[in-house]
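Source file: start.csv. Holds: CSV, C-alpha atoms and all ligand atoms.
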chain,number,residue,atom,x,y,z
H,510,MET,CA,55.9,87.4,105.4
H,511,ALA,CA,58.3,87.6,108.4
H,512,ASP,CA,62.0,86.8,108.3
H,513,ILE,CA,62.8,83.2,108.9
H,514,VAL,CA,65.8,82.6,111.2
H,515,LEU,CA,67.7,79.3,111.5
H,516,GLY,CA,69.7,79.6,114.7
H,517,GLN,CA,72.4,77.4,116.2
H,518,GLY,CA,71.5,73.8,116.6
H,519,SER,CA,69.4,73.6,113.5
H,520,SER,CA,70.6,72.8,110.0
H,521,VAL,CA,73.4,75.5,110.1
H,522,PRO,CA,76.8,75.2,111.7
H,523,SER,CA,76.9,76.2,115.4
H,524,THR,CA,79.1,79.2,114.5
H,525,MET,CA,76.7,80.6,111.9
H,526,ARG,CA,73.3,82.0,111.9
H,527,THR,CA,71.2,81.9,108.8
H,528,ARG,CA,68.3,84.2,108.2
H,529,TYR,CA,65.9,84.2,105.2
H,530,ARG,CA,65.1,87.9,105.0
H,531,ASP,CA,61.7,88.8,103.6
H,532,VAL,CA,62.3,91.0,100.5
H,533,GLY,CA,58.7,91.3,99.5
H,534,ASP,CA,55.6,89.2,99.1
H,535,THR,CA,56.7,85.6,99.0
H,536,THR,CA,60.4,86.1,98.2
H,537,HIS,CA,63.1,85.6,100.7
H,538,ALA,CA,66.9,86.3,100.4
H,539,ARG,CA,69.3,84.0,102.4
H,540,VAL,CA,71.6,85.9,104.7
H,541,GLU,CA,74.5,84.2,106.6
H,542,ALA,CA,76.0,85.8,109.6
H,543,LEU,CA,78.3,84.7,112.5
H,544,ALA,CA,76.4,83.8,115.6
H,545,PRO,CA,77.4,85.5,118.9
H,546,SER,CA,80.6,83.7,119.9
H,547,GLU,CA,84.3,84.1,120.6
H,548,ILE,CA,85.1,84.3,116.8
H,549,HIS,CA,86.9,87.5,115.8
H,550,LEU,CA,87.1,88.8,112.3
H,551,GLY,CA,89.8,91.1,111.1
H,552,GLU,CA,91.8,91.0,114.4
H,553,ILE,CA,95.5,90.3,114.0
H,554,GLY,CA,97.8,89.5,116.9
H,555,GLY,CA,95.4,89.9,119.8
H,556,ARG,CA,95.3,93.1,121.8
H,557,THR,CA,97.4,94.6,124.5
H,558,VAL,CA,96.0,95.7,127.9
H,559,LEU,CA,97.5,97.2,131.1
H,560,VAL,CA,96.3,95.3,134.1
H,561,LYS,CA,96.6,97.4,137.3
H,562,GLN,CA,96.5,96.5,141.0
H,563,ASN,CA,98.1,97.8,144.2
H,564,PHE,CA,98.5,97.0,147.9
H,565,THR,CA,99.6,98.9,151.0
H,566,ARG,CA,102.0,97.1,153.3
H,567,PRO,CA,101.4,97.2,157.1
H,568,ASN,CA,101.8,100.1,159.4
H,569,ASN,CA,105.4,99.3,160.6
H,570,ALA,CA,108.9,99.9,159.3
H,571,THR,CA,110.3,96.5,160.2
H,572,GLN,CA,113.3,95.6,158.0
H,573,TYR,CA,112.8,92.7,155.7
H,574,ALA,CA,115.3,89.8,155.4
H,575,ALA,CA,116.2,88.4,152.0
H,576,GLY,CA,113.5,85.9,150.9
H,577,ASP,CA,110.6,87.6,152.8
H,578,VAL,CA,107.2,88.2,151.4
H,579,VAL,CA,106.1,91.8,151.1
H,580,SER,CA,102.3,91.8,151.5
H,581,ASP,CA,99.4,93.7,153.0
H,582,SER,CA,99.1,92.0,156.4
H,583,ILE,CA,101.1,90.4,159.2
H,584,THR,CA,98.2,88.0,159.9
H,585,THR,CA,95.8,87.8,157.0
H,586,PRO,CA,97.8,88.6,153.8
H,587,THR,CA,96.2,88.5,150.4
H,588,THR,CA,97.7,87.8,147.0
H,589,ILE,CA,98.0,90.6,144.3
H,590,ASP,CA,95.0,89.7,142.2
H,591,LEU,CA,95.5,90.7,138.6
H,592,ASP,CA,92.0,90.7,137.2
H,593,GLY,CA,91.5,90.9,133.4
H,594,CYS,CA,94.8,89.3,132.3
H,595,ALA,CA,92.8,87.2,130.0
H,596,ARG,CA,90.1,88.5,127.7
H,597,VAL,CA,87.7,85.8,128.8
H,598,ASN,CA,87.5,83.2,131.6
H,599,GLY,CA,90.0,80.5,131.0
H,600,GLY,CA,91.6,82.6,128.3
H,601,ARG,CA,95.2,82.9,127.3
H,602,GLY,CA,97.8,85.6,126.9
H,603,VAL,CA,101.4,86.7,127.3
H,604,ILE,CA,102.8,89.0,130.0
H,605,LEU,CA,105.1,91.4,128.2
H,606,LYS,CA,106.4,93.7,131.0
H,607,VAL,CA,105.8,94.8,134.6
H,608,LEU,CA,106.1,98.2,136.2
H,609,MET,CA,105.9,98.6,139.9
H,610,VAL,CA,105.5,102.1,141.5
H,611,ASP,CA,106.8,102.2,145.0
H,612,SER,CA,105.5,105.1,147.0
H,613,ALA,CA,108.7,105.4,149.0
H,614,ASN,CA,112.1,106.5,147.8
H,615,GLN,CA,114.4,104.7,150.3
H,616,THR,CA,118.2,105.1,150.1
H,617,THR,CA,118.7,101.4,149.9
H,618,LYS,CA,116.3,100.2,147.2
H,619,GLY,CA,114.5,96.9,147.5
H,620,ASN,CA,115.5,94.0,145.3
H,621,PHE,CA,112.1,92.6,144.3
H,622,GLU,CA,110.6,89.7,142.4
H,623,LEU,CA,107.0,89.3,141.4
H,624,TRP,CA,105.9,85.7,141.4
H,625,VAL,CA,102.9,85.1,139.1
H,626,PHE,CA,100.6,82.1,139.3
H,627,THR,CA,97.5,80.8,137.5
H,628,HIS,CA,96.1,79.4,140.7
H,629,GLU,CA,96.1,81.2,144.1
H,630,PRO,CA,99.0,80.2,146.3
H,631,THR,CA,98.9,80.4,150.1
H,632,ILE,CA,100.7,83.7,150.6
H,633,ASP,CA,102.9,84.1,153.7
H,634,ASN,CA,102.5,86.9,156.2
H,635,ASP,CA,104.2,90.2,155.5
H,636,ASN,CA,107.9,90.0,156.6
H,637,SER,CA,107.9,86.2,156.8
H,638,PRO,CA,109.8,83.9,154.6
H,639,TRP,CA,108.2,82.9,151.3
H,640,THR,CA,107.2,79.3,151.4
H,641,PRO,CA,105.5,78.2,148.2
H,642,ASN,CA,105.0,74.4,148.0
H,643,ASP,CA,105.7,72.1,145.1
H,644,THR,CA,102.1,72.1,143.9
H,645,GLU,CA,101.8,75.8,144.0
H,646,CYS,CA,105.0,76.2,142.1
H,647,GLY,CA,103.5,74.0,139.4
H,648,TYR,CA,101.1,76.8,138.7
H,649,LEU,CA,103.8,79.4,138.1
H,650,VAL,CA,103.5,81.6,135.1
H,651,ASP,CA,106.9,83.3,135.7
H,652,ILE,CA,109.1,84.9,138.3
H,653,ILE,CA,109.7,88.4,137.2
H,654,PRO,CA,112.6,90.3,138.6
H,655,LEU,CA,111.9,94.0,139.0
H,656,SER,CA,115.5,94.7,138.2
H,657,THR,CA,115.8,98.3,137.1
H,658,THR,CA,114.9,101.2,139.3
H,659,TYR,CA,114.0,104.7,138.2
H,660,VAL,CA,113.6,107.4,140.8
H,661,GLY,CA,110.5,109.5,140.1
H,662,ASP,CA,110.2,112.2,142.8
H,663,ALA,CA,113.7,112.2,144.3
H,664,SER,CA,112.5,113.4,147.7
H,665,ALA,CA,113.6,111.1,150.4
H,666,GLY,CA,111.3,108.4,151.8
H,667,ALA,CA,107.6,109.0,151.7
H,668,GLY,CA,107.9,112.3,149.9
H,669,GLY,CA,109.4,110.5,146.9
H,670,ASN,CA,108.7,107.5,144.7
H,671,VAL,CA,110.5,104.9,142.7
H,672,VAL,CA,109.5,103.0,139.6
H,673,PHE,CA,110.8,99.4,139.2
H,674,ARG,CA,110.8,98.0,135.7
H,675,SER,CA,111.1,94.4,134.6
H,676,ASP,CA,113.0,93.4,131.5
H,677,ILE,CA,110.8,92.2,128.6
H,678,VAL,CA,109.1,89.1,130.0
H,679,GLU,CA,107.2,87.1,127.3
H,680,ALA,CA,105.6,84.7,129.7
H,681,GLY,CA,102.6,82.8,128.2
H,682,PHE,CA,99.7,81.7,130.4
H,683,THR,CA,96.3,80.1,130.4
H,684,CYS,CA,94.0,81.2,133.2
H,685,GLN,CA,92.2,78.5,135.1
H,686,SER,CA,88.6,77.8,134.0
H,687,GLY,CA,86.1,80.4,135.3
H,688,MET,CA,88.8,83.1,135.8
H,689,ASP,CA,90.5,85.8,133.9
H,690,ARG,CA,92.8,86.5,136.8
H,691,LEU,CA,96.4,85.8,137.7
H,692,PHE,CA,97.8,85.9,141.2
H,693,GLY,CA,100.9,87.8,142.3
H,694,VAL,CA,103.2,87.6,145.3
H,695,LEU,CA,106.0,90.2,145.9
H,696,VAL,CA,109.2,88.8,147.3
H,697,VAL,CA,112.2,90.8,148.4
H,698,ARG,CA,115.8,89.5,148.0
H,699,ASN,CA,117.7,91.9,150.2
H,700,ALA,CA,117.6,93.4,153.7
H,701,TYR,CA,115.1,96.2,152.8
H,702,THR,CA,113.9,98.8,155.3
H,703,PRO,CA,110.4,99.8,154.3
H,704,LEU,CA,108.2,102.7,155.3
H,705,ALA,CA,105.0,102.2,157.2
H,706,ASN,CA,102.0,101.9,154.8
H,707,GLU,CA,104.3,101.9,151.8
H,708,ASN,CA,102.2,101.4,148.7
H,709,PHE,CA,103.1,99.3,145.7
H,710,GLN,CA,101.2,99.8,142.4
H,711,PHE,CA,101.5,97.2,139.6
H,712,ILE,CA,101.1,97.9,135.9
H,713,VAL,CA,101.2,94.6,134.0
H,714,GLU,CA,101.3,94.7,130.2
H,715,VAL,CA,99.5,91.7,128.8
H,716,LEU,CA,99.1,90.7,125.1
H,717,GLN,CA,95.8,88.8,125.1
H,718,ASP,CA,95.0,86.0,122.7
H,801,CA,CA,105.6,109.1,147.8
H,802,CA,CA,111.3,89.0,158.2

Once more with this new file: its structure as structure tokens, please.
Ligand SMILES: [Ca+2]
Ligand SMILES: [Ca+2]
Amino acid sequence: MADIVLGQGSSVPSTMRTRYRDVGDTTHARVEALAPSEIHLGEIGGRTVLVKQNFTRPNNATQYAAGDVVSDSITTPTTIDLDGCARVNGGRGVILKVLMVDSANQTTKGNFELWVFTHEPTIDNDNSPWTPNDTECGYLVDIIPLSTTYVGDASAGAGGNVVFRSDIVEAGFTCQSGMDRLFGVLVVRNAYTPLANENFQFIVEVLQD
């Protein structure tokens, strides 16, 4: 005889799947197994991933004022989309740390913050003041100062690079339904003179639930 399978929605719990396996002639052995689901066995403390994204700022070297947004356009800027922060859509996790690799090694370093949201805010144009509204701020995960700088290649300007490192963050989040993404906005807090087409790479360490 063939195996007999009792799937979800029958007389077994929705998380289980029961199979009566044919072990010869008219005899069946009952086998219980977990149905395909989000249940994990033997996993302790979630798992840690590095979420990466980058953007290139506009082709100008216009000095920023404190409080300006650093973004990818002076007319149609986009947020820093951090895909895969959660393991599943609507999932949860904790941001542990952020590294930002700046393609330019300027003499006066930028003093940057990464604002992280669960819902996409309206990002301001590059080199314009950052103006999140009250509703948008209600979706903040954290504001992460990129407070420590490490010079990589010490060549001046475009020939060099600098790594900005946050302190330990520990910012918990729940992604909005249907998304595993968080949204970032880079804000500068000093008068920073950038390079044209300066690139910013983000490496976000996330402990996923
Ligand atoms: Ca460089
Ligand atoms: Ca400005």

(request) Within 8 Å of Ile712 of chain H, counting only C-alpha atoms, which residues show up once you throw out same-chain ones fewer than 6 positions away? Write them as a PyMOL selection string, please. (result) chain H and resi 559-562+607-609

For those residues, write C-alpha atoms to a file as a PDB file, in the frame of the given file.
ATOM      1  CA  LEU H 559      97.500  97.200 131.100  1.00  0.00           C
ATOM      2  CA  VAL H 560      96.300  95.300 134.100  1.00  0.00           C
ATOM      3  CA  LYS H 561      96.600  97.400 137.300  1.00  0.00           C
ATOM      4  CA  GLN H 562      96.500  96.500 141.000  1.00  0.00           C
ATOM      5  CA  VAL H 607     105.800  94.800 134.600  1.00  0.00           C
ATOM      6  CA  LEU H 608     106.100  98.200 136.200  1.00  0.00           C
ATOM      7  CA  MET H 609     105.900  98.600 139.900  1.00  0.00           C
TER       8      MET H 609
END

(message) Please find the residues contacting ligand CA 801 (chain H) at a distance of at most 10 Å between atoms, with all atoms listed in the file counted, and report them as an NGL selection string.
(response) :H and (610-614 or 661-671 or 707-708)

(message) To check your reading of the model: which residues sit at most 12 Å from ligand CA 802 (chain H) when counting all atoms listed in the file? Write the answer as a VMD selection string.
(response) chain H and resid 570 to 580 583 633 to 639 696 to 703

(request) Work out how far atom CA of Val597 of chain H is from atom CA of Asp718 of chain H, in Å to one decimal. (result)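 The value is 9.5 Å.
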
(message) Please list as number ranges by chain every residue within 6 Å of Arg690 of chain H, counting all atoms listed in the file and excluding residues in the same chain fewer than 2 positions away.
(response) H: 591-594, 688

(message) So the first atom is atom CA of Glu629 of chain H and the second is atom CA of Thr658 of chain H; what is the distance between them in Å, to one decimal place?
(response)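 Atom CA of Thr658 of chain H lies at a distance of 27.9 Å from atom CA of Glu629 of chain H.
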
(request) For each of H:Ile604, H:Leu704, H:Val660, H:Val694, take the minimum atom-to-atom distance to Pro586 of chain H, counting only C-alpha atoms, then give the residue where this is smallest. (result)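 With only C-alpha atoms as the atom set, the closest residue is H:Val694.
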
(message) For a test of reading the model, state the distance in Å between atom CA of Phe673 of chain H and atom CA of Val558 of chain H, rounded to one decimal.
(response)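 So the two atoms, atom CA of Phe673 of chain H and atom CA of Val558 of chain H, lie 19.0 Å apart.
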
(message) What's around Asn563 of chain H at 6 Å? Count only C-alpha atoms, leave out sequence neighbours fewer than 3 positions away in its own chain, and write the answer as a VMD selection string.
(response) chain H and resid 709 to 711

Just-selected residues, C-alpha atoms written as an mmCIF file, keeping the file's coordinate frame:
data_model
loop_
_atom_site.group_PDB
_atom_site.id
_atom_site.type_symbol
_atom_site.label_atom_id
_atom_site.label_comp_id
_atom_site.auth_asym_id
_atom_site.auth_seq_id
_atom_site.Cartn_x
_atom_site.Cartn_y
_atom_site.Cartn_z
ATOM 1 C CA PHE H 709 103.100 99.300 145.700
ATOM 2 C CA GLN H 710 101.200 99.800 142.400
ATOM 3 C CA PHE H 711 101.500 97.200 139.600
#

(request) Go through H:Asn642, H:Thr536, H:Gln717, H:Ser686 one by one, measure the shortest atom-to-atom distance of each to Ala511 of chain H using only C-alpha atoms, and give the residue with the smallest value. (result) H:Thr536

(request) Just the residues within 12 Å of Thr627 of chain H, please, counting only C-alpha atoms, with nothing from its chain fewer than 3 positions along; format it as a count of residues only. (result) 37

(request) Have a look at H:His628, H:Arg566, H:Lys606, H:Arg556 and name the one nearest to Pro654 of chain H; count all atoms listed in the file. (result)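 Of all the options, H:Lys606 lies closest to Pro654 of chain H.
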
(request) Pick out the closest residue to Ala705 of chain H from this set: H:Asp531, H:Val540, H:Pro641, H:Pro567. Count only C-alpha atoms. (result)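 Between H:Asp531, H:Val540, H:Pro641, H:Pro567, the residue approaching Ala705 of chain H most closely is H:Pro567.
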
(message) Residues near Ile653 of chain H, anyone? I mean within 8 Å using all atoms listed in the file, not counting same-chain ones fewer than 6 positions away, as a list in words.
(response)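 In the requested form, the answer reads Val607, Glu622, Leu623, Trp624, Val625, Ser675 and Val678 of chain H.
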
(message) Ranking H:Thr527, H:Leu543, H:Val715, H:Val672 by minimum distance to Lys618 of chain H and counting all atoms listed in the file, which one comes first?
(response)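 Checking each of H:Thr527, H:Leu543, H:Val715, H:Val672 against Lys618 of chain H, counting all atoms listed in the file, the winner is H:Val672.
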